[in-house]
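Visitor: Let me begin by handing over the structure; questions about it come next.
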Amino acid sequence: MNQEKSTYIDLFAGCGGLSLGLHNSGVWKGLFAIEKSKDAFETLEYNLINSKDHFNWPNWLPQSNHDINNVISNYQDELKSLRGKIDLIAGGPPCQGFSTAGRRVENDTRNKLIDSYIKFIRLVQPKVIFFENVKGFTQKFDKNKVKGRIYSEYVKNALRRGSKKLEAIGYNVHGKLINFSEYGVPQKRTRFILVGIRKDVSANIDPKTFFDQIKDNRSDFLINKGIGISTNLEEAISDLLRLEETISPDTKSFKAGLYNEPKTAYQKMLRGNIIKEIPDSHRFAKHMPETVKKFEYILKYSEKNKTLSKEIKDRFNLKKRTTIPLSGDTPTPTITTLPDDYIHYCEPRIFTVREYARIQSFNDWYEFKGKYTTGGKRRVQEVPRYSQIGNAIPPLFGEQSGLVLKQLIS
């Protein structure tokens, strides 16, 4: 596209799923991204800063991983100086404290990052806000029968008010739950999306317009990509089956798969012009022989896309709460940060990192850095490749969002 690119900042950027989508839209240029995890930032930096020059990183901010609170404390004047120069702030705080898939604790310290997010918005005053979080963000905390706040309403009200202290104008906001599988992503992943438009930008722009336009635009967008509105798991990853293997390029003690011929438009779209024989991060787990036999039995006798029956759990003495064999004929359930939650649809193994990335709609040229997995106490400090992908916004949805957000401010 020849039109001038608009400028955005990515907060809680993770490994760069949303930034990749905005990059792919062709109409956005990043200023900088804030991500606390060194592992996730390394992936974003390698792909979108060093390889694609997607960010115009400012001199006053070191190009590295940052905690948002440190940035607010140390660079408040620099952030205020960005007023009038930033079109969009994208991204949302970590979801673990809100997720219904986890323990869902209201006093989880990560939930306090909501206030940091709001303060950052008030300091910079972008024209538009694009905020994403889990479905649980819209639900009351009611553990132990104590009713807590609904964080989506808290954020909406705070953004509408603005701030006299920071001389910050409020926003017109609207939020809605969106299922990404209705936008070409091979995954039934429902997330809360909130769009805010600064009140002085245009009183005639209703943020609800974003949700109408992205729905109206999706057919043409996906047709132009050569894919349909719905993509199933087999269509997403069948060219990554374990037909041929070699030594893993980045872990010599493991085997990695080779590319097979692409079979679907979705596979061709994400592979692009890549000419490598070995997909990035397509390393197979080392399953014990008894694990392979167990998975073979589960694939043969268990209902797909359903957690295992008590009978099968008892047969193999399985204590793990979530083990789900997936179907190739449908989009997957929401993928998690734990790779052993799911079993491949037709091979007795868990998914590779690259297959996870395909399910999340990352382009194959996007390479993941850091450890593949971690465990125990290290899970608090480290964000391995599976977690980076499991926490990301699907780039394909980010791309569609970027095009509509650009239209709103043009």
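Within each chain, counting starts at residue 1; across the structure tokens, chains are named A, B, ... in the order shown, with ligands numbered 1 upward in that order.
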Write out as a list in words all residues of stretch 281-399 of chain A that backbone DSSP assigns to strand (DSSP E or B).
Guide: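 Strand (DSSP E or B) assignments inside stretch 281-399 of chain A correspond to Arg283, Ile324, Pro325, Thr332, Pro333, Tyr342 and Ile343 of chain A.
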Visitor: Can you check which parts of stretch 173-259 of chain A lie within 12 Å of stretch 387-391 of chain A? Per residue, the shortest pair of atoms and distance in Å to one decimal, counting only C-alpha atoms, sorted by chain and number, as a tab-separated table.
Guide:
residue	atom	partner	partner_atom	distance
A:Gln187	CA	A:Gly390	CA	11.4
A:Arg189	CA	A:Gly390	CA	10.7
A:Arg191	CA	A:Asn391	CA	11.6
Visitor: If we count only C-alpha atoms, what is near stretch 15-27 of chain A at a cut-off of 6 Å, once residues fewer than 5 positions away on the same chain are taken out, given as a list in words?
Guide: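 Returned residues: Lys5, Ala40, Phe41, Thr43, Leu44, Gln388, Ala392, Ile393, Pro394, Pro395, Leu396, Gly398, Glu399 and Gly402 of chain A.
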Visitor: Using N, CA, C and O atoms, can you write the selected residues to a file as a compact mmCIF listing (two decimals), in the first residue's frame?
Guide:
# COMPACT_ATOMS: atom_id res chain seq x y z
N LYS A 5 1.89 5.37 6.56
CA LYS A 5 1.62 4.46 7.67
C LYS A 5 1.38 5.24 8.95
O LYS A 5 2.03 6.25 9.21
N ALA A 40 10.28 -13.55 25.44
CA ALA A 40 9.32 -13.11 24.44
C ALA A 40 9.85 -11.92 23.64
O ALA A 40 9.68 -11.86 22.41
N PHE A 41 10.51 -10.99 24.32
CA PHE A 41 11.05 -9.84 23.61
C PHE A 41 12.13 -10.25 22.61
O PHE A 41 12.23 -9.65 21.53
N THR A 43 12.18 -12.86 20.79
CA THR A 43 11.49 -13.30 19.57
C THR A 43 10.98 -12.11 18.77
O THR A 43 11.18 -12.04 17.55
N LEU A 44 10.33 -11.16 19.45
CA LEU A 44 9.83 -9.97 18.76
C LEU A 44 10.98 -9.18 18.14
O LEU A 44 10.89 -8.76 16.98
N GLN A 388 4.98 -18.45 24.67
CA GLN A 388 4.95 -17.24 23.85
C GLN A 388 3.80 -17.30 22.86
O GLN A 388 3.05 -16.33 22.67
N ALA A 392 -0.29 -15.35 22.70
CA ALA A 392 -0.33 -14.33 21.65
C ALA A 392 -1.74 -14.08 21.10
O ALA A 392 -2.63 -14.93 21.20
N ILE A 393 -1.90 -12.90 20.50
CA ILE A 393 -3.08 -12.61 19.68
C ILE A 393 -2.80 -13.17 18.29
O ILE A 393 -1.73 -12.92 17.73
N PRO A 394 -3.72 -13.92 17.69
CA PRO A 394 -3.47 -14.44 16.34
C PRO A 394 -3.18 -13.33 15.34
O PRO A 394 -4.00 -12.41 15.18
N PRO A 395 -2.04 -13.36 14.69
CA PRO A 395 -1.69 -12.29 13.74
C PRO A 395 -2.72 -12.08 12.63
O PRO A 395 -2.90 -10.96 12.17
N LEU A 396 -3.39 -13.15 12.21
CA LEU A 396 -4.39 -13.00 11.14
C LEU A 396 -5.53 -12.11 11.58
O LEU A 396 -6.04 -11.30 10.79
N GLY A 398 -5.13 -9.85 14.02
CA GLY A 398 -4.47 -8.56 14.18
C GLY A 398 -4.37 -7.79 12.88
O GLY A 398 -4.52 -6.56 12.84
N GLU A 399 -4.13 -8.51 11.79
CA GLU A 399 -4.04 -7.87 10.47
C GLU A 399 -5.38 -7.27 10.07
O GLU A 399 -5.46 -6.13 9.60
N GLY A 402 -6.01 -4.24 12.14
CA GLY A 402 -5.19 -3.10 11.72
C GLY A 402 -5.79 -2.34 10.56
O GLY A 402 -5.75 -1.10 10.51
Visitor: Set the distance at 10 Å and use only C-alpha atoms: which residues neighbour A:Glu45 once local chain neighbours fewer than 4 positions away are removed? I'd like the list as a PDB file with N, CA and C atoms, in the first residue's frame.
Guide:
ATOM      1  N   CYS A  15       5.469 -12.045  22.304  1.00  0.00           N
ATOM      2  CA  CYS A  15       6.424 -12.371  21.240  1.00  0.00           C
ATOM      3  C   CYS A  15       6.105 -11.645  19.942  1.00  0.00           C
ATOM      4  N   GLY A  16       5.025 -10.837  19.942  1.00  0.00           N
ATOM      5  CA  GLY A  16       4.762  -9.991  18.778  1.00  0.00           C
ATOM      6  C   GLY A  16       3.618 -10.410  17.882  1.00  0.00           C
ATOM      7  N   ALA A  33       7.771  -1.250  21.511  1.00  0.00           N
ATOM      8  CA  ALA A  33       6.941  -2.270  22.148  1.00  0.00           C
ATOM      9  C   ALA A  33       7.433  -2.471  23.569  1.00  0.00           C
ATOM     10  N   ALA A  40      10.283 -13.549  25.442  1.00  0.00           N
ATOM     11  CA  ALA A  40       9.315 -13.107  24.435  1.00  0.00           C
ATOM     12  C   ALA A  40       9.845 -11.924  23.638  1.00  0.00           C
ATOM     13  N   PHE A  41      10.514 -10.993  24.318  1.00  0.00           N
ATOM     14  CA  PHE A  41      11.046  -9.835  23.605  1.00  0.00           C
ATOM     15  C   PHE A  41      12.126 -10.249  22.609  1.00  0.00           C
ATOM     16  N   ILE A  49      12.099  -6.202  14.643  1.00  0.00           N
ATOM     17  CA  ILE A  49      13.001  -5.065  14.791  1.00  0.00           C
ATOM     18  C   ILE A  49      14.245  -5.270  13.927  1.00  0.00           C
ATOM     19  N   ASN A  50      14.920  -6.393  14.143  1.00  0.00           N
ATOM     20  CA  ASN A  50      16.168  -6.640  13.414  1.00  0.00           C
ATOM     21  C   ASN A  50      15.941  -7.107  11.978  1.00  0.00           C
ATOM     22  N   SER A  51      14.953  -7.977  11.766  1.00  0.00           N
ATOM     23  CA  SER A  51      14.750  -8.549  10.427  1.00  0.00           C
ATOM     24  C   SER A  51      13.865  -7.685   9.530  1.00  0.00           C
ATOM     25  N   LYS A  52      12.825  -7.091  10.100  1.00  0.00           N
ATOM     26  CA  LYS A  52      11.844  -6.373   9.278  1.00  0.00           C
ATOM     27  C   LYS A  52      11.865  -4.853   9.461  1.00  0.00           C
ATOM     28  N   ASP A  53      12.632  -4.342  10.406  1.00  0.00           N
ATOM     29  CA  ASP A  53      12.726  -2.896  10.627  1.00  0.00           C
ATOM     30  C   ASP A  53      11.337  -2.281  10.765  1.00  0.00           C
ATOM     31  N   HIS A  54      10.487  -2.939  11.543  1.00  0.00           N
ATOM     32  CA  HIS A  54       9.101  -2.516  11.675  1.00  0.00           C
ATOM     33  C   HIS A  54       8.923  -1.398  12.705  1.00  0.00           C
ATOM     34  N   PHE A  55       9.922  -1.189  13.573  1.00  0.00           N
ATOM     35  CA  PHE A  55       9.809  -0.182  14.627  1.00  0.00           C
ATOM     36  C   PHE A  55      10.811   0.959  14.425  1.00  0.00           C
ATOM     37  N   GLN A  63      16.528  -0.377  23.758  1.00  0.00           N
ATOM     38  CA  GLN A  63      15.858  -1.409  22.967  1.00  0.00           C
ATOM     39  C   GLN A  63      16.040  -2.760  23.662  1.00  0.00           C
ATOM     40  N   SER A  64      15.143  -3.030  24.595  1.00  0.00           N
ATOM     41  CA  SER A  64      15.217  -4.278  25.363  1.00  0.00           C
ATOM     42  C   SER A  64      13.866  -4.529  26.007  1.00  0.00           C
ATOM     43  N   ASN A  65      13.769  -5.617  26.757  1.00  0.00           N
ATOM     44  CA  ASN A  65      12.545  -5.895  27.492  1.00  0.00           C
ATOM     45  C   ASN A  65      12.390  -4.903  28.644  1.00  0.00           C
ATOM     46  N   LYS A 369      12.364 -17.794  19.644  1.00  0.00           N
ATOM     47  CA  LYS A 369      13.626 -17.851  20.365  1.00  0.00           C
ATOM     48  C   LYS A 369      13.398 -18.274  21.814  1.00  0.00           C
TER      49      LYS A 369
END
Visitor: I need the helix (DSSP H, G or I) residues of stretch 186-220 of chain A per DSSP on the backbone, written as a list in words.
Guide: Lys208, Thr209, Phe210, Phe211, Asp212, Gln213, Ile214, Lys215, Asp216, Asn217, Arg218, Ser219 and Asp220 of chain A
Visitor: Create the file for the chosen residues now, containing N, CA and C atoms and written as a CSV table (one decimal), in the first residue's frame.
Guide:
chain,number,residue,atom,x,y,z
A,208,LYS,N,-18.2,1.4,18.1
A,208,LYS,CA,-19.0,0.2,17.7
A,208,LYS,C,-18.7,-0.1,16.2
A,209,THR,N,-18.4,1.0,15.5
A,209,THR,CA,-18.1,0.9,14.0
A,209,THR,C,-17.1,-0.2,13.7
A,210,PHE,N,-16.0,-0.2,14.6
A,210,PHE,CA,-15.0,-1.2,14.4
A,210,PHE,C,-15.5,-2.6,14.3
A,211,PHE,N,-16.4,-3.0,15.2
A,211,PHE,CA,-16.9,-4.4,15.2
A,211,PHE,C,-17.8,-4.6,14.0
A,212,ASP,N,-18.6,-3.6,13.6
A,212,ASP,CA,-19.4,-3.8,12.4
A,212,ASP,C,-18.5,-4.0,11.1
A,213,GLN,N,-17.5,-3.1,11.0
A,213,GLN,CA,-16.6,-3.1,9.8
A,213,GLN,C,-15.8,-4.4,9.7
A,214,ILE,N,-15.2,-4.8,10.9
A,214,ILE,CA,-14.4,-6.0,10.8
A,214,ILE,C,-15.2,-7.2,10.4
A,215,LYS,N,-16.4,-7.3,10.8
A,215,LYS,CA,-17.3,-8.4,10.4
A,215,LYS,C,-17.7,-8.3,8.9
A,216,ASP,N,-18.0,-7.0,8.5
A,216,ASP,CA,-18.4,-6.8,7.1
A,216,ASP,C,-17.2,-7.1,6.1
A,217,ASN,N,-16.0,-6.8,6.6
A,217,ASN,CA,-14.8,-6.9,5.7
A,217,ASN,C,-14.2,-8.3,5.6
A,218,ARG,N,-14.6,-9.1,6.6
A,218,ARG,CA,-13.8,-10.4,6.7
A,218,ARG,C,-13.9,-11.3,5.4
A,219,SER,N,-15.1,-11.3,4.8
A,219,SER,CA,-15.2,-12.2,3.6
A,219,SER,C,-14.3,-11.8,2.5
A,220,ASP,N,-14.3,-10.5,2.2
A,220,ASP,CA,-13.4,-10.0,1.1
A,220,ASP,C,-11.9,-10.2,1.5
Visitor: From the list A:Arg354, A:Lys199, A:Lys310, A:Lys319, which residue is nearest A:Ala256 when using only C-alpha atoms?
Guide: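 Among the listed residues, A:Arg354 lies closest to A:Ala256.
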Visitor: Taking only residues of stretch 308-384 of chain A that have an atom at most 12 Å from an atom of stretch 282-301 of chain A, what is each one's shortest atom pair and its distance in Å to one decimal, using only C-alpha atoms, in chain and number order, as JSON lines?
Guide:
{"residue": "A:Leu308", "atom": "CA", "partner": "A:Ile298", "partner_atom": "CA", "distance": 8.2}
{"residue": "A:Ser309", "atom": "CA", "partner": "A:Ile298", "partner_atom": "CA", "distance": 10.0}
{"residue": "A:Glu311", "atom": "CA", "partner": "A:Tyr301", "partner_atom": "CA", "distance": 10.9}
{"residue": "A:Ile312", "atom": "CA", "partner": "A:Ile298", "partner_atom": "CA", "distance": 7.7}
{"residue": "A:Lys313", "atom": "CA", "partner": "A:Ile298", "partner_atom": "CA", "distance": 9.8}
{"residue": "A:Arg315", "atom": "CA", "partner": "A:Lys294", "partner_atom": "CA", "distance": 9.7}
{"residue": "A:Phe316", "atom": "CA", "partner": "A:Lys294", "partner_atom": "CA", "distance": 7.5}
{"residue": "A:Asn317", "atom": "CA", "partner": "A:Lys294", "partner_atom": "CA", "distance": 10.9}
{"residue": "A:Leu318", "atom": "CA", "partner": "A:Lys294", "partner_atom": "CA", "distance": 10.5}
{"residue": "A:Thr323", "atom": "CA", "partner": "A:Ile298", "partner_atom": "CA", "distance": 9.8}
{"residue": "A:Ile324", "atom": "CA", "partner": "A:Ile298", "partner_atom": "CA", "distance": 9.0}
{"residue": "A:Pro325", "atom": "CA", "partner": "A:Leu299", "partner_atom": "CA", "distance": 6.3}
{"residue": "A:Leu326", "atom": "CA", "partner": "A:Leu299", "partner_atom": "CA", "distance": 8.5}
{"residue": "A:Ser327", "atom": "CA", "partner": "A:Leu299", "partner_atom": "CA", "distance": 9.4}
{"residue": "A:Gly328", "atom": "CA", "partner": "A:Leu299", "partner_atom": "CA", "distance": 11.6}
{"residue": "A:Pro339", "atom": "CA", "partner": "A:Ala285", "partner_atom": "CA", "distance": 9.8}
{"residue": "A:Asp340", "atom": "CA", "partner": "A:Ala285", "partner_atom": "CA", "distance": 9.9}
{"residue": "A:Tyr342", "atom": "CA", "partner": "A:Phe295", "partner_atom": "CA", "distance": 10.4}
{"residue": "A:Ile343", "atom": "CA", "partner": "A:Phe295", "partner_atom": "CA", "distance": 7.3}
{"residue": "A:His344", "atom": "CA", "partner": "A:Leu299", "partner_atom": "CA", "distance": 8.6}
{"residue": "A:Tyr345", "atom": "CA", "partner": "A:Leu299", "partner_atom": "CA", "distance": 7.5}
{"residue": "A:Cys346", "atom": "CA", "partner": "A:Leu299", "partner_atom": "CA", "distance": 7.1}
{"residue": "A:Glu347", "atom": "CA", "partner": "A:Glu296", "partner_atom": "CA", "distance": 7.7}
{"residue": "A:Pro348", "atom": "CA", "partner": "A:Phe295", "partner_atom": "CA", "distance": 4.9}
{"residue": "A:Arg349", "atom": "CA", "partner": "A:Phe295", "partner_atom": "CA", "distance": 6.8}
{"residue": "A:Ile350", "atom": "CA", "partner": "A:Ala285", "partner_atom": "CA", "distance": 7.1}
{"residue": "A:Phe351", "atom": "CA", "partner": "A:Phe284", "partner_atom": "CA", "distance": 7.7}
{"residue": "A:Thr352", "atom": "CA", "partner": "A:His282", "partner_atom": "CA", "distance": 5.4}
{"residue": "A:Val353", "atom": "CA", "partner": "A:His282", "partner_atom": "CA", "distance": 6.0}
{"residue": "A:Arg354", "atom": "CA", "partner": "A:His282", "partner_atom": "CA", "distance": 5.0}
{"residue": "A:Glu355", "atom": "CA", "partner": "A:His282", "partner_atom": "CA", "distance": 7.3}
{"residue": "A:Tyr356", "atom": "CA", "partner": "A:His282", "partner_atom": "CA", "distance": 9.6}
{"residue": "A:Ala357", "atom": "CA", "partner": "A:His282", "partner_atom": "CA", "distance": 9.9}
{"residue": "A:Arg358", "atom": "CA", "partner": "A:His282", "partner_atom": "CA", "distance": 10.9}
{"residue": "A:Asp364", "atom": "CA", "partner": "A:His282", "partner_atom": "CA", "distance": 10.5}
{"residue": "A:Glu367", "atom": "CA", "partner": "A:His282", "partner_atom": "CA", "distance": 10.5}
{"residue": "A:Phe368", "atom": "CA", "partner": "A:His282", "partner_atom": "CA", "distance": 10.4}
{"residue": "A:Lys371", "atom": "CA", "partner": "A:Arg283", "partner_atom": "CA", "distance": 11.8}
{"residue": "A:Tyr372", "atom": "CA", "partner": "A:Arg283", "partner_atom": "CA", "distance": 9.0}
{"residue": "A:Thr373", "atom": "CA", "partner": "A:Ala285", "partner_atom": "CA", "distance": 10.4}
Visitor: Env of A:Trp60: 10 Å cut, atoms = only C-alpha atoms, seq-sep filter 3 positions within chain, self excluded. Answer as a PyMOL selection string.
Guide: chain A and resi 57+63+75+78
Visitor: Quick one: residues within 9 Å of stretch 120-124 of chain A, only C-alpha atoms counted, chain neighbours fewer than 3 positions away excluded, as a list of chain:residue names?
Guide: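 My reading of the contact set: A:Ile68, A:Asn69, A:Ile72, A:Gln76, A:Asp77, A:Leu79, A:Lys80, A:Ser81, A:Leu82, A:Arg83, A:Gly84, A:Lys85, A:Ile86, A:Ile89, A:Asp115, A:Ser116, A:Tyr117, A:Ile129, A:Leu159, A:Gly162, A:Ser163, A:Leu166, A:Glu167, A:Ala168, A:Ile169, A:Gly170.
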Visitor: Would you output that residue set with N, CA, C and O atoms, as a compact mmCIF listing (two decimals), in the first residue's frame?
Guide:
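File written: selection.txt
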# COMPACT_ATOMS: atom_id res chain seq x y z
N ILE A 68 6.36 -2.27 32.33
CA ILE A 68 5.62 -1.04 32.03
C ILE A 68 5.71 -0.03 33.17
O ILE A 68 5.80 1.18 32.94
N ASN A 69 5.75 -0.51 34.42
CA ASN A 69 5.82 0.41 35.55
C ASN A 69 7.15 1.17 35.58
O ASN A 69 7.19 2.34 35.96
N ILE A 72 6.93 3.89 32.92
CA ILE A 72 6.12 5.02 33.41
C ILE A 72 6.90 5.86 34.42
O ILE A 72 6.86 7.09 34.38
N GLN A 76 8.35 9.46 32.17
CA GLN A 76 7.04 10.10 32.12
C GLN A 76 7.04 11.32 31.21
O GLN A 76 6.10 11.52 30.42
N ASP A 77 8.08 12.13 31.26
CA ASP A 77 8.13 13.32 30.39
C ASP A 77 8.21 12.93 28.92
O ASP A 77 7.57 13.56 28.06
N LEU A 79 7.05 10.21 27.59
CA LEU A 79 5.74 9.68 27.18
C LEU A 79 4.76 10.82 26.92
O LEU A 79 4.01 10.79 25.94
N LYS A 80 4.76 11.83 27.78
CA LYS A 80 3.88 12.98 27.56
C LYS A 80 4.21 13.70 26.26
O LYS A 80 3.33 14.22 25.58
N SER A 81 5.51 13.70 25.90
CA SER A 81 5.93 14.40 24.68
C SER A 81 5.42 13.71 23.42
O SER A 81 5.46 14.29 22.33
N LEU A 82 4.91 12.49 23.56
CA LEU A 82 4.38 11.75 22.41
C LEU A 82 2.94 12.13 22.08
O LEU A 82 2.40 11.69 21.06
N ARG A 83 2.31 12.94 22.94
CA ARG A 83 0.93 13.34 22.68
C ARG A 83 0.83 14.04 21.32
O ARG A 83 1.62 14.91 20.99
N GLY A 84 -0.16 13.61 20.55
CA GLY A 84 -0.35 14.16 19.22
C GLY A 84 0.45 13.44 18.14
O GLY A 84 0.30 13.75 16.96
N LYS A 85 1.31 12.50 18.54
CA LYS A 85 2.16 11.80 17.58
C LYS A 85 1.82 10.31 17.46
O LYS A 85 2.31 9.65 16.54
N ILE A 86 1.01 9.78 18.36
CA ILE A 86 0.70 8.35 18.38
C ILE A 86 -0.75 8.13 17.98
O ILE A 86 -1.67 8.67 18.60
N ILE A 89 -2.54 2.85 20.51
CA ILE A 89 -1.89 1.98 21.48
C ILE A 89 -2.64 0.66 21.47
O ILE A 89 -3.86 0.63 21.65
N ASP A 115 -4.22 -0.89 36.02
CA ASP A 115 -4.03 0.51 36.38
C ASP A 115 -2.81 1.10 35.68
O ASP A 115 -2.81 2.28 35.30
N SER A 116 -1.77 0.29 35.51
CA SER A 116 -0.58 0.75 34.78
C SER A 116 -0.94 1.04 33.33
O SER A 116 -0.49 2.03 32.74
N TYR A 117 -1.75 0.16 32.75
CA TYR A 117 -2.21 0.35 31.37
C TYR A 117 -2.97 1.67 31.23
O TYR A 117 -2.71 2.47 30.32
N ILE A 129 -7.47 3.26 20.84
CA ILE A 129 -7.01 2.17 21.70
C ILE A 129 -7.56 0.86 21.16
O ILE A 129 -8.75 0.79 20.80
N LEU A 159 -11.42 4.77 31.24
CA LEU A 159 -11.04 5.37 29.97
C LEU A 159 -12.02 6.47 29.56
O LEU A 159 -11.62 7.47 28.96
N GLY A 162 -11.16 9.93 31.60
CA GLY A 162 -9.94 10.70 31.40
C GLY A 162 -9.30 11.00 32.75
O GLY A 162 -9.55 10.30 33.73
N SER A 163 -8.51 12.07 32.84
CA SER A 163 -7.82 12.41 34.08
C SER A 163 -7.51 13.90 34.14
O SER A 163 -6.78 14.42 33.29
N LEU A 166 -3.65 14.48 34.96
CA LEU A 166 -2.72 14.33 33.83
C LEU A 166 -3.20 15.11 32.60
O LEU A 166 -2.62 14.97 31.53
N GLU A 167 -4.27 15.90 32.77
CA GLU A 167 -4.84 16.65 31.64
C GLU A 167 -5.11 15.72 30.47
O GLU A 167 -4.78 16.02 29.32
N ALA A 168 -5.70 14.58 30.80
CA ALA A 168 -5.94 13.54 29.79
C ALA A 168 -7.41 13.51 29.41
O ALA A 168 -8.29 13.43 30.27
N ILE A 169 -7.66 13.55 28.13
CA ILE A 169 -9.02 13.50 27.58
C ILE A 169 -9.54 12.07 27.64
O ILE A 169 -8.78 11.12 27.51
N GLY A 170 -10.83 11.91 27.83
CA GLY A 170 -11.43 10.59 27.88
C GLY A 170 -11.67 10.00 26.50
O GLY A 170 -11.43 10.63 25.47
Visitor: Would you mind reading off the distance between atom CA of A:Val404 and atom CA of A:Ala236, one decimal, in Å?
Guide: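 These two atoms are separated by 25.2 Å.
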Visitor: Atom CA of A:Ile205 and atom CA of A:Ile118 are how many Å apart?
Guide: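 Interatomic distance here is 21.5 Å.
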Visitor: Given only C-alpha atoms as the basis, pick out the residue of A:Arg385, A:Ile227, A:Asn232, A:Val195 nearest to A:Asp280.
Guide: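 Of A:Arg385, A:Ile227, A:Asn232, A:Val195, the one nearest A:Asp280, counting only C-alpha atoms, is A:Arg385.
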Visitor: Tell me, as a list in words, which residues lie within 9 Å of A:Asn260, counting only C-alpha atoms; anything in the same chain fewer than 2 positions away does not count.
Guide: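 Surrounding residues, per the criterion: Ser238, Asp239, Leu240, Leu241, Arg242, Leu243, Glu244, Gly257, Leu258, Pro262, Lys263 and Glu277 of chain A.
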